Amino acid sequence: MPPERLPSLDSLRAFEAVSRHLSFTSAAAELFVTQSAVSQRIVALEAELGVKLFLRSTRRLVLTGEGETLAAGVRRGLHEIADAMGALRRRKGMALRVTTTPSFASRWLVPRLHRFRAAVPHVAVTILADGDLVNLQGGHADVAIRFGGGRYAGLVSERLLGDAVTPVARQCLIAAGDLPVEAADLLKFQLIVDVSNETEVERAGWSHWFASLGVDLPRAAGVQGFSQSALAIGAAAGGLGVALVQTTLAGDDLINGSLVQVFPHELAMPASYYVVTTKAAAREPAVKAFHDWIKVEAAAFAAALDGLRTR
């Protein structure tokens, strides 16, 4: 018996995007087409199937019962197609695409990639460093290193590294034997921070660090902000002042001595770094090799940081 004729893939992709966003405008932006084109594809799909997929009003868009049934099936089908295409791409020359934040890529991952290359020379890695969350289920990357809570719907995640913030500076900024004795002693230096850590979600800015020690940060304290951790660390390394930075991102500089921890207090962050993949990608040899390698690297790094703390 021949298979039932299916609607066009363009129509199904448009429908899936609209069903997820419940917005023609948002779906059009995701698919890089006009809102009119999306609307026409949905109308054509409804006509072909002979059912209403959405209830439209001036304020909102709602899936009908038939629309919910189709959306679940189409979503599963598109995910399976993306998984299959990702598997084919990975097998062709064993290419691997890893997505992570720019700061983690530049400060931690890239300096270690030569060791992965030496251990697994047949796998070519492309690093996608972007602040936006990449859709792994859509096949846009094979592995993600994400900073968050570790729960990602439909994905497999494993904790890689915890993190904390601590004040660091270039060694020559502070005279020998003149390390701050009290937290308030830091106020005589220019304070530096990654402003993305000052939010009420991360709670890892200077005011939070001082508060964890029972000290109020004076309103008059001048703080130099940067939009990324790598910039704040670079400013400290350049001698601008004392930066409150993530131990994971500044760890290599602390280990090699180019930066020093100027006060022995670390404020734990609520988020951690996780290795994240789809269930299908997790079974692929290239992904497994990368996962095994980065877990070993993370363990060695954590042990080196622990060694610094016990000195």
# chains A, B, ... in the order shown; residues from 1 in each chain; ligands from 1

$ residues_around --residues "Glu66 in chain A" --least-positions-apart "4" --cutoff "9 Å" --atoms "only C-alpha atoms" --output "list of chain:residue names"
A:Val51, A:Lys52, A:Leu53, A:Phe54, A:Leu70, A:Ala71

$ write_last_selection --atoms "N, CA and C atoms" --output "PDB file, in the first residue's frame"
ATOM      1  N   VAL A  51      -9.322  20.616   7.906  1.00  0.00           N
ATOM      2  CA  VAL A  51      -9.608  20.894   9.316  1.00  0.00           C
ATOM      3  C   VAL A  51      -9.038  22.264   9.677  1.00  0.00           C
ATOM      4  N   LYS A  52      -9.595  22.841  10.751  1.00  0.00           N
ATOM      5  CA  LYS A  52      -9.053  24.077  11.294  1.00  0.00           C
ATOM      6  C   LYS A  52      -7.950  23.719  12.294  1.00  0.00           C
ATOM      7  N   LEU A  53      -6.802  24.343  12.128  1.00  0.00           N
ATOM      8  CA  LEU A  53      -5.673  24.066  13.018  1.00  0.00           C
ATOM      9  C   LEU A  53      -5.541  25.109  14.125  1.00  0.00           C
ATOM     10  N   PHE A  54      -6.042  26.307  13.879  1.00  0.00           N
ATOM     11  CA  PHE A  54      -5.966  27.384  14.855  1.00  0.00           C
ATOM     12  C   PHE A  54      -7.309  28.087  14.973  1.00  0.00           C
ATOM     13  N   LEU A  70      -1.709  17.383  15.449  1.00  0.00           N
ATOM     14  CA  LEU A  70      -0.759  17.505  14.345  1.00  0.00           C
ATOM     15  C   LEU A  70       0.562  18.100  14.830  1.00  0.00           C
ATOM     16  N   ALA A  71       0.491  19.091  15.728  1.00  0.00           N
ATOM     17  CA  ALA A  71       1.717  19.741  16.206  1.00  0.00           C
ATOM     18  C   ALA A  71       2.632  18.734  16.897  1.00  0.00           C
TER      19      ALA A  71
END

$ residues_around --residues "Leu161 in chain A" --least-positions-apart "4" --cutoff "7 Å" --atoms "only C-alpha atoms" --output "number ranges by chain"
A: 272-273, 298

$ residues_around --residues "Gly149 in chain A" --least-positions-apart "4" --cutoff "12 Å" --atoms "only C-alpha atoms" --output "PDB file with C-alpha atoms, in the first residue's frame"
ATOM      1  CA  ALA A 153      13.602  19.734  28.168  1.00  0.00           C
ATOM      2  CA  SER A 157      22.847  17.163  30.382  1.00  0.00           C
ATOM      3  CA  GLU A 158      25.716  16.427  32.755  1.00  0.00           C
ATOM      4  CA  ARG A 159      27.307  18.853  35.195  1.00  0.00           C
ATOM      5  CA  LEU A 160      30.795  19.870  34.156  1.00  0.00           C
ATOM      6  CA  LEU A 161      31.952  22.598  36.567  1.00  0.00           C
ATOM      7  CA  GLY A 162      30.511  24.644  39.393  1.00  0.00           C
ATOM      8  CA  VAL A 201      19.266  35.897  38.858  1.00  0.00           C
ATOM      9  CA  GLU A 202      23.038  35.504  39.103  1.00  0.00           C
ATOM     10  CA  MET A 269      27.007  31.146  41.916  1.00  0.00           C
ATOM     11  CA  PRO A 270      23.585  29.506  41.540  1.00  0.00           C
ATOM     12  CA  ALA A 271      24.397  28.174  38.057  1.00  0.00           C
ATOM     13  CA  SER A 272      26.941  25.612  36.821  1.00  0.00           C
ATOM     14  CA  TYR A 273      28.407  24.603  33.466  1.00  0.00           C
ATOM     15  CA  TYR A 274      26.762  21.577  31.842  1.00  0.00           C
ATOM     16  CA  VAL A 275      27.552  19.458  28.792  1.00  0.00           C
ATOM     17  CA  VAL A 276      24.282  19.211  26.847  1.00  0.00           C
TER      18      VAL A 276
END

$ closest_residue --among "A:Leu191, A:Ala144, A:Leu267, A:Val156" --to "Arg203 in chain A" --atoms "only C-alpha atoms"
A:Leu267

$ residues_around --residues "Phe263 in chain A" --least-positions-apart "5" --cutoff "12 Å" --atoms "only C-alpha atoms" --output "PyMOL selection string"
chain A and resi 165-169+174+178-186+209-210+213+242-244+309

$ write_last_selection --atoms "N, CA and C atoms" --output "PDB file, in the first residue's frame"
ATOM      1  N   VAL A 165      32.399  33.528  42.312  1.00  0.00           N
ATOM      2  CA  VAL A 165      33.117  34.760  41.973  1.00  0.00           C
ATOM      3  C   VAL A 165      34.043  35.121  43.121  1.00  0.00           C
ATOM      4  N   THR A 166      35.197  35.689  42.775  1.00  0.00           N
ATOM      5  CA  THR A 166      36.198  36.072  43.776  1.00  0.00           C
ATOM      6  C   THR A 166      37.002  37.252  43.224  1.00  0.00           C
ATOM      7  N   PRO A 167      37.543  38.103  44.081  1.00  0.00           N
ATOM      8  CA  PRO A 167      38.305  39.261  43.598  1.00  0.00           C
ATOM      9  C   PRO A 167      39.728  38.880  43.187  1.00  0.00           C
ATOM     10  N   VAL A 168      40.136  39.329  42.011  1.00  0.00           N
ATOM     11  CA  VAL A 168      41.479  39.036  41.503  1.00  0.00           C
ATOM     12  C   VAL A 168      42.109  40.314  40.965  1.00  0.00           C
ATOM     13  N   ALA A 169      43.424  40.304  40.885  1.00  0.00           N
ATOM     14  CA  ALA A 169      44.151  41.454  40.349  1.00  0.00           C
ATOM     15  C   ALA A 169      45.498  40.999  39.817  1.00  0.00           C
ATOM     16  N   ILE A 174      49.255  45.081  43.798  1.00  0.00           N
ATOM     17  CA  ILE A 174      49.254  45.100  45.259  1.00  0.00           C
ATOM     18  C   ILE A 174      50.665  44.815  45.756  1.00  0.00           C
ATOM     19  N   ASP A 178      50.909  43.437  51.304  1.00  0.00           N
ATOM     20  CA  ASP A 178      49.875  44.456  51.452  1.00  0.00           C
ATOM     21  C   ASP A 178      48.514  43.956  50.975  1.00  0.00           C
ATOM     22  N   LEU A 179      48.287  42.656  51.056  1.00  0.00           N
ATOM     23  CA  LEU A 179      46.985  42.120  50.673  1.00  0.00           C
ATOM     24  C   LEU A 179      45.915  42.636  51.623  1.00  0.00           C
ATOM     25  N   PRO A 180      44.725  42.923  51.132  1.00  0.00           N
ATOM     26  CA  PRO A 180      43.655  43.429  51.998  1.00  0.00           C
ATOM     27  C   PRO A 180      43.387  42.479  53.161  1.00  0.00           C
ATOM     28  N   VAL A 181      43.259  43.047  54.357  1.00  0.00           N
ATOM     29  CA  VAL A 181      42.966  42.260  55.555  1.00  0.00           C
ATOM     30  C   VAL A 181      41.462  42.165  55.758  1.00  0.00           C
ATOM     31  N   GLU A 182      40.770  43.260  55.486  1.00  0.00           N
ATOM     32  CA  GLU A 182      39.314  43.314  55.584  1.00  0.00           C
ATOM     33  C   GLU A 182      38.744  43.528  54.191  1.00  0.00           C
ATOM     34  N   ALA A 183      37.500  43.052  53.996  1.00  0.00           N
ATOM     35  CA  ALA A 183      36.860  43.227  52.695  1.00  0.00           C
ATOM     36  C   ALA A 183      36.791  44.701  52.312  1.00  0.00           C
ATOM     37  N   ALA A 184      36.542  45.561  53.302  1.00  0.00           N
ATOM     38  CA  ALA A 184      36.424  46.991  53.019  1.00  0.00           C
ATOM     39  C   ALA A 184      37.726  47.590  52.485  1.00  0.00           C
ATOM     40  N   ASP A 185      38.863  46.922  52.735  1.00  0.00           N
ATOM     41  CA  ASP A 185      40.155  47.415  52.228  1.00  0.00           C
ATOM     42  C   ASP A 185      40.188  47.425  50.701  1.00  0.00           C
ATOM     43  N   LEU A 186      39.338  46.642  50.079  1.00  0.00           N
ATOM     44  CA  LEU A 186      39.303  46.588  48.615  1.00  0.00           C
ATOM     45  C   LEU A 186      38.799  47.894  48.004  1.00  0.00           C
ATOM     46  N   TRP A 209      28.703  40.205  46.710  1.00  0.00           N
ATOM     47  CA  TRP A 209      29.916  39.644  47.314  1.00  0.00           C
ATOM     48  C   TRP A 209      30.165  40.285  48.683  1.00  0.00           C
ATOM     49  N   PHE A 210      30.085  41.620  48.741  1.00  0.00           N
ATOM     50  CA  PHE A 210      30.276  42.304  50.015  1.00  0.00           C
ATOM     51  C   PHE A 210      29.196  41.901  51.020  1.00  0.00           C
ATOM     52  N   LEU A 213      29.611  38.896  53.121  1.00  0.00           N
ATOM     53  CA  LEU A 213      30.560  39.049  54.229  1.00  0.00           C
ATOM     54  C   LEU A 213      30.023  40.004  55.296  1.00  0.00           C
ATOM     55  N   VAL A 242      40.866  45.783  40.674  1.00  0.00           N
ATOM     56  CA  VAL A 242      40.493  44.481  41.216  1.00  0.00           C
ATOM     57  C   VAL A 242      39.166  44.061  40.591  1.00  0.00           C
ATOM     58  N   ALA A 243      39.146  42.904  39.956  1.00  0.00           N
ATOM     59  CA  ALA A 243      37.946  42.433  39.265  1.00  0.00           C
ATOM     60  C   ALA A 243      37.293  41.300  40.042  1.00  0.00           C
ATOM     61  N   LEU A 244      35.969  41.361  40.126  1.00  0.00           N
ATOM     62  CA  LEU A 244      35.207  40.248  40.696  1.00  0.00           C
ATOM     63  C   LEU A 244      34.840  39.337  39.536  1.00  0.00           C
ATOM     64  N   ARG A 309      43.658  26.680  46.548  1.00  0.00           N
ATOM     65  CA  ARG A 309      42.919  27.087  47.749  1.00  0.00           C
ATOM     66  C   ARG A 309      43.565  26.557  49.029  1.00  0.00           C
TER      67      ARG A 309
END

$ residues_around --residues "Arg97 in chain A" --least-positions-apart "3" --cutoff "6 Å" --atoms "only C-alpha atoms" --output "list in words"
Val125, Thr126, Ala141 and Asp142 of chain A

$ write_last_selection --atoms "C-alpha atoms" --output "PDB file, in the first residue's frame"
ATOM      1  CA  VAL A 125      35.648  20.757  15.930  1.00  0.00           C
ATOM      2  CA  THR A 126      33.884  24.013  15.108  1.00  0.00           C
ATOM      3  CA  ALA A 141      24.859  22.237  16.901  1.00  0.00           C
ATOM      4  CA  ASP A 142      25.889  18.823  18.239  1.00  0.00           C
TER       5      ASP A 142
END

$ select_by_dssp --residues "range 23-252 of chain A" --states "helix (DSSP H, G or I)" --output "MDAnalysis selection string"
chainID A and resid 24:31 35:49 65:91 102:119 171:173 183:188 195:197 206:211 229:237 247:252

$ atom_distance --atom1 "CA of Pro285 in chain A" --atom2 "CA of Ala84 in chain A"
14.3 Å

$ closest_atom_pairs --of "range 79-179 of chain A" --to "range 12-26 of chain A" --cutoff "12 Å" --atoms "only C-alpha atoms" --output "CSV"
residue,atom,partner,partner_atom,distance
A:His79,CA,A:Glu16,CA,11.1
A:Ile81,CA,A:Arg13,CA,11.8
A:Gly138,CA,A:Arg13,CA,11.2

$ atom_distance --atom1 "CA of Thr247 in chain A" --atom2 "CA of Leu155 in chain A"
26.9 Å

$ closest_residue --among "A:Ala235, A:Ala47, A:Ala286, A:Val245" --to "Glu198 in chain A" --atoms "only C-alpha atoms"
A:Val245

$ select_by_dssp --residues "range 176-274 of chain A" --states "strand (DSSP E or B)" --output "list in words"
Leu191, Ile192, Val193, Asp194, Val223, Gln224, Gly225, Phe226, Val242, Ala243, Leu244, Val245, Gln246, Leu259, Val260, Gln261, Leu267, Ala268, Ser272, Tyr273 and Tyr274 of chain A

$ residues_around --residues "Ser106 in chain A" --least-positions-apart "5" --cutoff "12 Å" --atoms "only C-alpha atoms" --output "NGL selection string"
:A and (100-101 or 111-113 or 127-130 or 228-231 or 233-234 or 248-250 or 252)

$ write_last_selection --atoms "N, CA and C atoms" --output "CSV table (one decimal), in the first residue's frame"
chain,number,residue,atom,x,y,z
A,100,THR,N,28.8,27.4,22.8
A,100,THR,CA,28.9,27.9,24.2
A,100,THR,C,29.0,29.4,24.2
A,101,THR,N,29.2,30.0,25.4
A,101,THR,CA,29.3,31.4,25.5
A,101,THR,C,30.6,31.9,25.0
A,111,PRO,N,41.7,27.3,24.8
A,111,PRO,CA,43.1,27.0,25.2
A,111,PRO,C,43.3,25.6,25.4
A,112,ARG,N,42.3,24.7,25.5
A,112,ARG,CA,42.5,23.3,25.7
A,112,ARG,C,42.3,22.5,24.5
A,113,LEU,N,41.8,23.1,23.4
A,113,LEU,CA,41.4,22.3,22.2
A,113,LEU,C,42.5,21.5,21.6
A,127,ILE,N,33.8,25.7,16.9
A,127,ILE,CA,33.3,26.3,18.1
A,127,ILE,C,32.3,27.5,17.6
A,128,LEU,N,31.1,27.4,18.1
A,128,LEU,CA,30.1,28.4,17.9
A,128,LEU,C,29.9,29.2,19.1
A,129,ALA,N,30.6,30.4,19.2
A,129,ALA,CA,30.6,31.2,20.5
A,129,ALA,C,29.5,32.3,20.3
A,130,ASP,N,28.4,32.2,21.0
A,130,ASP,CA,27.3,33.1,20.9
A,130,ASP,C,26.6,33.2,22.2
A,228,GLN,N,31.2,41.5,29.4
A,228,GLN,CA,31.6,40.1,29.3
A,228,GLN,C,32.7,39.8,30.3
A,229,SER,N,32.7,38.6,30.8
A,229,SER,CA,33.7,38.2,31.8
A,229,SER,C,35.1,38.3,31.3
A,230,ALA,N,35.3,37.9,30.0
A,230,ALA,CA,36.6,38.0,29.4
A,230,ALA,C,37.2,39.4,29.4
A,231,LEU,N,36.3,40.4,29.2
A,231,LEU,CA,36.8,41.8,29.2
A,231,LEU,C,37.2,42.2,30.7
A,233,ILE,N,38.2,40.3,33.1
A,233,ILE,CA,39.5,39.6,33.4
A,233,ILE,C,40.6,40.3,32.7
A,234,GLY,N,40.4,40.6,31.5
A,234,GLY,CA,41.5,41.3,30.7
A,234,GLY,C,41.9,42.7,31.4
A,248,THR,N,36.0,29.9,37.3
A,248,THR,CA,36.2,29.0,36.1
A,248,THR,C,36.9,29.8,35.0
A,249,LEU,N,36.5,31.0,34.8
A,249,LEU,CA,37.0,31.8,33.6
A,249,LEU,C,38.3,32.4,33.9
A,250,ALA,N,38.6,32.7,35.2
A,250,ALA,CA,39.9,33.2,35.5
A,250,ALA,C,40.9,32.2,36.1
A,252,ASP,N,42.7,29.7,34.9
A,252,ASP,CA,44.0,29.5,34.3
A,252,ASP,C,45.0,30.6,34.7

$ closest_residue --among "A:Asp83, A:Ser11, A:Val223, A:Arg59" --to "Glu284 in chain A" --atoms "only C-alpha atoms"
A:Asp83

$ residues_around --residues "Gln171 in chain A" --least-positions-apart "2" --cutoff "8 Å" --atoms "only C-alpha atoms" --output "ChimeraX atom specification"
/A:169,173-174,257-260

$ atom_distance --atom1 "CA of Val74 in chain A" --atom2 "CA of Glu30 in chain A"
16.9 Å

$ closest_residue --among "A:Leu305, A:Val98, A:Ala44, A:Ala164" --to "Ala268 in chain A" --atoms "only C-alpha atoms"
A:Ala164

$ decode --residues "range 155-207 of chain A" --atoms "C-alpha atoms" --output "PDB file, in the first residue's frame"
ATOM      1  CA  LEU A 155      17.998  17.020  26.181  1.00  0.00           C
ATOM      2  CA  VAL A 156      20.680  15.077  28.032  1.00  0.00           C
ATOM      3  CA  SER A 157      22.847  17.163  30.382  1.00  0.00           C
ATOM      4  CA  GLU A 158      25.716  16.427  32.755  1.00  0.00           C
ATOM      5  CA  ARG A 159      27.307  18.853  35.195  1.00  0.00           C
ATOM      6  CA  LEU A 160      30.795  19.870  34.156  1.00  0.00           C
ATOM      7  CA  LEU A 161      31.952  22.598  36.567  1.00  0.00           C
ATOM      8  CA  GLY A 162      30.511  24.644  39.393  1.00  0.00           C
ATOM      9  CA  ASP A 163      31.459  28.299  39.695  1.00  0.00           C
ATOM     10  CA  ALA A 164      31.976  31.143  42.144  1.00  0.00           C
ATOM     11  CA  VAL A 165      33.117  34.760  41.973  1.00  0.00           C
ATOM     12  CA  THR A 166      36.198  36.072  43.776  1.00  0.00           C
ATOM     13  CA  PRO A 167      38.305  39.261  43.598  1.00  0.00           C
ATOM     14  CA  VAL A 168      41.479  39.036  41.503  1.00  0.00           C
ATOM     15  CA  ALA A 169      44.151  41.454  40.349  1.00  0.00           C
ATOM     16  CA  ARG A 170      47.483  41.637  38.599  1.00  0.00           C
ATOM     17  CA  GLN A 171      50.174  40.712  41.094  1.00  0.00           C
ATOM     18  CA  CYS A 172      52.087  43.973  40.741  1.00  0.00           C
ATOM     19  CA  LEU A 173      48.968  46.017  41.597  1.00  0.00           C
ATOM     20  CA  ILE A 174      49.254  45.100  45.259  1.00  0.00           C
ATOM     21  CA  ALA A 175      52.557  45.581  47.033  1.00  0.00           C
ATOM     22  CA  ALA A 176      54.135  42.547  48.711  1.00  0.00           C
ATOM     23  CA  GLY A 177      52.644  41.932  52.128  1.00  0.00           C
ATOM     24  CA  ASP A 178      49.875  44.456  51.452  1.00  0.00           C
ATOM     25  CA  LEU A 179      46.985  42.120  50.673  1.00  0.00           C
ATOM     26  CA  PRO A 180      43.655  43.429  51.998  1.00  0.00           C
ATOM     27  CA  VAL A 181      42.966  42.260  55.555  1.00  0.00           C
ATOM     28  CA  GLU A 182      39.314  43.314  55.584  1.00  0.00           C
ATOM     29  CA  ALA A 183      36.860  43.227  52.695  1.00  0.00           C
ATOM     30  CA  ALA A 184      36.424  46.991  53.019  1.00  0.00           C
ATOM     31  CA  ASP A 185      40.155  47.415  52.228  1.00  0.00           C
ATOM     32  CA  LEU A 186      39.303  46.588  48.615  1.00  0.00           C
ATOM     33  CA  LEU A 187      37.489  49.918  48.288  1.00  0.00           C
ATOM     34  CA  LYS A 188      40.803  51.745  47.858  1.00  0.00           C
ATOM     35  CA  PHE A 189      41.202  50.016  44.488  1.00  0.00           C
ATOM     36  CA  GLN A 190      39.272  50.463  41.279  1.00  0.00           C
ATOM     37  CA  LEU A 191      36.577  47.762  41.346  1.00  0.00           C
ATOM     38  CA  ILE A 192      35.816  45.899  38.106  1.00  0.00           C
ATOM     39  CA  VAL A 193      32.863  43.634  37.336  1.00  0.00           C
ATOM     40  CA  ASP A 194      31.088  41.702  34.605  1.00  0.00           C
ATOM     41  CA  VAL A 195      27.717  43.484  34.711  1.00  0.00           C
ATOM     42  CA  SER A 196      25.859  40.357  33.568  1.00  0.00           C
ATOM     43  CA  ASN A 197      26.654  38.826  36.975  1.00  0.00           C
ATOM     44  CA  GLU A 198      25.028  41.697  38.874  1.00  0.00           C
ATOM     45  CA  THR A 199      21.481  40.607  38.055  1.00  0.00           C
ATOM     46  CA  GLU A 200      18.998  39.287  40.600  1.00  0.00           C
ATOM     47  CA  VAL A 201      19.266  35.897  38.858  1.00  0.00           C
ATOM     48  CA  GLU A 202      23.038  35.504  39.103  1.00  0.00           C
ATOM     49  CA  ARG A 203      23.456  37.604  42.290  1.00  0.00           C
ATOM     50  CA  ALA A 204      27.225  37.676  41.838  1.00  0.00           C
ATOM     51  CA  GLY A 205      28.059  41.369  41.617  1.00  0.00           C
ATOM     52  CA  TRP A 206      30.173  43.392  44.045  1.00  0.00           C
ATOM     53  CA  SER A 207      27.175  44.307  46.215  1.00  0.00           C
TER      54      SER A 207
END
